[in-house]
Amino acid sequence: MKLESIKLKNFRGYGSEIPISISNLTAFIGKNDAGKSTVLEALEIFFNNSLVKCEKDDLNINADNNLIEITCIFKELPQQIILDSAFPTSLADEYLLNSDGNLEIKKVYTATAANPKEKIYIVCNHPTTDLVDDLLTLKRTELRERANQLGVGIENYNANVNSSIRQAIRAKVDELSLSSIDLLVDKEDSKRIFDSIKNYLPLYALFQSDRPSKDDDKEVTDPMKIAVQQALSELSDEIGHIKNEVRAKAIETANRTLTKLREMSPDLADELIPEFKTEPNFASQFKLSIKSEDDISINKRGSGVRRLILLNFFRAEAERRRTADDGNNIIFAFEEPETSQHPDHQRMLIEAFMELSNTSNSQVMLTTHTPTLAGLLPLESLRFIEREGQNRIIQMGSNEVFSKVADTLGLLPDPISKYAQAMLLVEGKGDITFVEHTAEKLKEAGYIEHTFQDKRFALVPIGGCGNLKHWKTLQLAKQFDIPYCVLLDSDKGTNEEQQNIDKVADMQADGIKAYITRKREPENYIHLDCLSLPEGSQFTLTDTCDAKELIGREKGTRKSNIIEDYWVLMSARNIREMESYFDGDTERFEFTDMFSDFLSLVK
């Protein structure tokens, strides 16, 4: 189950109801106090009401009533909901989906008490015809009476299964008169259905930038809590079996007690029914923490160290979820991830976020007002928030929005020489070294006639295709009236591969000379001779492996330095050997052909 959108009403700076679209990666951008963190904290209240609790003072100062509303809309829903073990039902069969076929849950908090209690509604296209509009609120005996009242034969349903009785009743009525209603889920099967739905809702983990300085600092404990929650989620079948066994044995003991009681007081025994009041909370029984080898708690270390641990939690999650098939979706929400981090670590964190967002069971949300960080984010992920009087305006998906984001954050493109005749856009600074060295060696060997410097190309790192920095750079290209071309990693063998293929295809359709590497990234083309491996080494690279990771581990080198350390050792012969491939029976040379095409932009 994934979060598709959220709606806020009368919550802090959000007065009139405003819908906010949520994607796999969603970045809220705007000035301080624009309302970015409010969205993330509203979701924390909706899912957990723990790290952030709903308070009376959260009511919008201009609200015309005392009701705070937080609504979440979900897609990718479970096909079945189990209420009665012998007879599963579904959200669609119970008419609990909205007009778009999604699950819409509204939580309403009455801001009269210091800590308002929630009332939960399902906003759904539900029957409104008399005698079928209240079926989810009826007990089993009442459902049987209703079926009898409407002349539904007992042969048409299972009298011991509520959902079966409801289906038979609805089938008997000619016109259900479906209409959008707010169904309060506070009794009978409506409550049981919501209790079942809760098992499918995403986990939500909020990491705040403003942290209390105490031993149980949420910044460190929360990732460990998520680790426990994920472990329990993966063992849900085993835990369910344990719960059922405990419940069965306990009820068996209770029934034996009632049997003996019936011998002494039959009337009293008949009034008593064994029932479990609450589900056991296994998560509360497991505490996980991290300590340094000298037994100093991580919470006693500096904020930069704590956030560095958090950074690597996300990187580890991205790597694990790339291959794992977890059940529950998880939403990672991070306020200002740039806080207390070196720019290199900020980039790594954003890369981890983007990788996480491309896995099947993860969504990532973050807030920022830092230009450098915004420049690394895909355009489609941005949500620009600004204040307009007492209201909040959220915009996305147009050139006007991107321009507003750039102007608000003061984002400027990289400097480009006024003498530039063309631009080659690449992903990062390492790619500039890759392109310059490759062109130089191919020219020296006579395979191409010019280098990019010869033809006055500006090599511009853009951080990836389709992000804000990329858009601003393209505007600059048009301003200087110079042509541009694009070289990007294919990320072959990863979740980003098809996305990169599609974006480059779109650019090619617009007449732009755009290519992706045939292998995963430039590091995958490094010749083994340049690594000075020991004799008999079994080390090898494939087209799709994480070459940066493997080479860095083998050579004890930082991954970010692989191109600077080893690609510069590549000779023309090494390059030609590694760029060679066959197109049918014809041998082709990838970068020789590609660079020749790029260089043709300047006559």
# chains A, B, ... in the order shown; residues from 1 in each chain; ligands from 1

call {"tool": "residues_around", "arguments": {"residues": "segment 383-399 of chain A", "least_positions_apart": "6", "cutoff": "6 Å", "atoms": "only C-alpha atoms", "output": "ChimeraX atom specification"}}
result
/A:27-30,34

call {"tool": "select_by_dssp", "arguments": {"residues": "segment 335-555 of chain A", "states": "strand (DSSP E)", "output": "JSON, numbers by chain"}}
result
{"A": [335, 362, 363, 364, 365, 366, 367, 368, 382, 383, 384, 385, 386, 387, 388, 391, 392, 393, 394, 395, 422, 423, 424, 425, 426, 457, 458, 459, 460, 461, 484, 485, 486, 487, 488, 513, 514, 515, 516]}

call {"tool": "atom_distance", "arguments": {"atom1": "atom CA of Ile462 of chain A", "atom2": "atom CA of Asp33 of chain A"}}
result
29.1 Å

call {"tool": "closest_residue", "arguments": {"among": "A:Pro378, A:Gly430, A:Pro483, A:Gly556", "to": "Gln499 of chain A", "atoms": "only C-alpha atoms"}}
result
A:Pro378

call {"tool": "closest_atom_pairs", "arguments": {"of": "segment 385-464 of chain A", "to": "segment 585-597 of chain A", "cutoff": "10 Å", "atoms": "only C-alpha atoms", "output": "JSON lines"}}
result
{"residue": "A:Val435", "atom": "CA", "partner": "A:Phe595", "partner_atom": "CA", "distance": 8.8}
{"residue": "A:Thr438", "atom": "CA", "partner": "A:Phe591", "partner_atom": "CA", "distance": 8.1}
{"residue": "A:Ala439", "atom": "CA", "partner": "A:Phe595", "partner_atom": "CA", "distance": 7.5}
{"residue": "A:Leu442", "atom": "CA", "partner": "A:Thr592", "partner_atom": "CA", "distance": 7.2}
{"residue": "A:Lys443", "atom": "CA", "partner": "A:Thr592", "partner_atom": "CA", "distance": 9.5}
{"residue": "A:Tyr447", "atom": "CA", "partner": "A:Thr592", "partner_atom": "CA", "distance": 6.8}
{"residue": "A:Ile448", "atom": "CA", "partner": "A:Ser596", "partner_atom": "CA", "distance": 6.6}
{"residue": "A:Glu449", "atom": "CA", "partner": "A:Ser596", "partner_atom": "CA", "distance": 8.3}
{"residue": "A:His450", "atom": "CA", "partner": "A:Ser596", "partner_atom": "CA", "distance": 8.6}
{"residue": "A:Thr451", "atom": "CA", "partner": "A:Phe595", "partner_atom": "CA", "distance": 8.7}
{"residue": "A:Phe452", "atom": "CA", "partner": "A:Phe595", "partner_atom": "CA", "distance": 8.6}

call {"tool": "write_last_selection", "arguments": {"atoms": "N, CA, C and O atoms", "output": "short mmCIF file (atom, residue, chain, number, x, y, z; two decimals), in the first residue's frame"}}
result
data_model
loop_
_atom_site.label_atom_id
_atom_site.label_comp_id
_atom_site.auth_asym_id
_atom_site.auth_seq_id
_atom_site.Cartn_x
_atom_site.Cartn_y
_atom_site.Cartn_z
N VAL A 435 35.75 12.18 -19.63
CA VAL A 435 35.58 12.67 -21.01
C VAL A 435 36.86 13.31 -21.51
O VAL A 435 37.30 13.05 -22.64
N THR A 438 39.67 10.62 -22.05
CA THR A 438 39.34 9.74 -23.17
C THR A 438 39.53 10.46 -24.51
O THR A 438 40.15 9.91 -25.45
N ALA A 439 39.03 11.69 -24.61
CA ALA A 439 39.17 12.44 -25.86
C ALA A 439 40.64 12.72 -26.18
O ALA A 439 41.06 12.63 -27.35
N LEU A 442 42.26 9.43 -27.42
CA LEU A 442 41.75 9.03 -28.74
C LEU A 442 42.28 9.96 -29.82
O LEU A 442 42.56 9.54 -30.95
N LYS A 443 42.46 11.24 -29.52
CA LYS A 443 43.02 12.18 -30.50
C LYS A 443 44.50 11.87 -30.74
O LYS A 443 44.97 11.84 -31.89
N TYR A 447 42.24 8.53 -33.57
CA TYR A 447 40.89 7.98 -33.74
C TYR A 447 39.82 9.08 -33.83
O TYR A 447 38.77 8.88 -34.42
N ILE A 448 40.09 10.25 -33.24
CA ILE A 448 39.23 11.43 -33.43
C ILE A 448 40.14 12.61 -33.76
O ILE A 448 41.35 12.58 -33.45
N GLU A 449 39.58 13.64 -34.36
CA GLU A 449 40.42 14.75 -34.85
C GLU A 449 40.61 15.85 -33.82
O GLU A 449 41.58 16.61 -33.89
N HIS A 450 39.69 15.99 -32.88
CA HIS A 450 39.74 17.09 -31.94
C HIS A 450 39.39 16.61 -30.54
O HIS A 450 38.72 15.58 -30.36
N THR A 451 39.81 17.39 -29.54
CA THR A 451 39.30 17.21 -28.19
C THR A 451 38.16 18.19 -27.98
O THR A 451 37.91 19.08 -28.80
N PHE A 452 37.48 18.06 -26.86
CA PHE A 452 36.39 18.99 -26.55
C PHE A 452 36.94 20.39 -26.26
O PHE A 452 36.29 21.40 -26.53
#

call {"tool": "closest_residue", "arguments": {"among": "A:Ala420, A:Ala250, A:Ile482, A:Ile165", "to": "Leu459 of chain A", "atoms": "only C-alpha atoms"}}
result
A:Ala420

call {"tool": "closest_residue", "arguments": {"among": "A:Ile197, A:Leu379, A:Leu150, A:Met423", "to": "Ile512 of chain A", "atoms": "only C-alpha atoms"}}
result
A:Met423

call {"tool": "residues_around", "arguments": {"residues": "Ile61 of chain A", "least_positions_apart": "2", "cutoff": "8 Å", "atoms": "only C-alpha atoms", "output": "PyMOL selection string"}}
result
chain A and resi 12+59+63

call {"tool": "write_last_selection", "arguments": {"atoms": "N, CA, C and O atoms", "output": "PDB file, in the first residue's frame"}}
result
ATOM      1  N   ARG A  12      -2.496  23.950  11.642  1.00  0.00           N
ATOM      2  CA  ARG A  12      -1.451  24.976  11.678  1.00  0.00           C
ATOM      3  C   ARG A  12      -1.678  26.007  10.561  1.00  0.00           C
ATOM      4  O   ARG A  12      -2.725  26.638  10.508  1.00  0.00           O
ATOM      5  N   LEU A  59      -4.583  23.862  15.964  1.00  0.00           N
ATOM      6  CA  LEU A  59      -5.732  24.358  15.213  1.00  0.00           C
ATOM      7  C   LEU A  59      -5.372  25.677  14.524  1.00  0.00           C
ATOM      8  O   LEU A  59      -4.807  26.582  15.143  1.00  0.00           O
ATOM      9  N   ALA A  63      -9.545  29.120  11.702  1.00  0.00           N
ATOM     10  CA  ALA A  63     -10.514  28.047  11.467  1.00  0.00           C
ATOM     11  C   ALA A  63     -11.909  28.481  11.908  1.00  0.00           C
ATOM     12  O   ALA A  63     -12.069  29.169  12.919  1.00  0.00           O
TER      13      ALA A  63
END

call {"tool": "closest_residue", "arguments": {"among": "A:Asp64, A:Asp134, A:Glu579, A:Glu69", "to": "Leu43 of chain A", "atoms": "only C-alpha atoms"}}
result
A:Glu69

call {"tool": "atom_distance", "arguments": {"atom1": "atom CA of Asn255 of chain A", "atom2": "atom CA of Asp270 of chain A"}}
result
11.1 Å
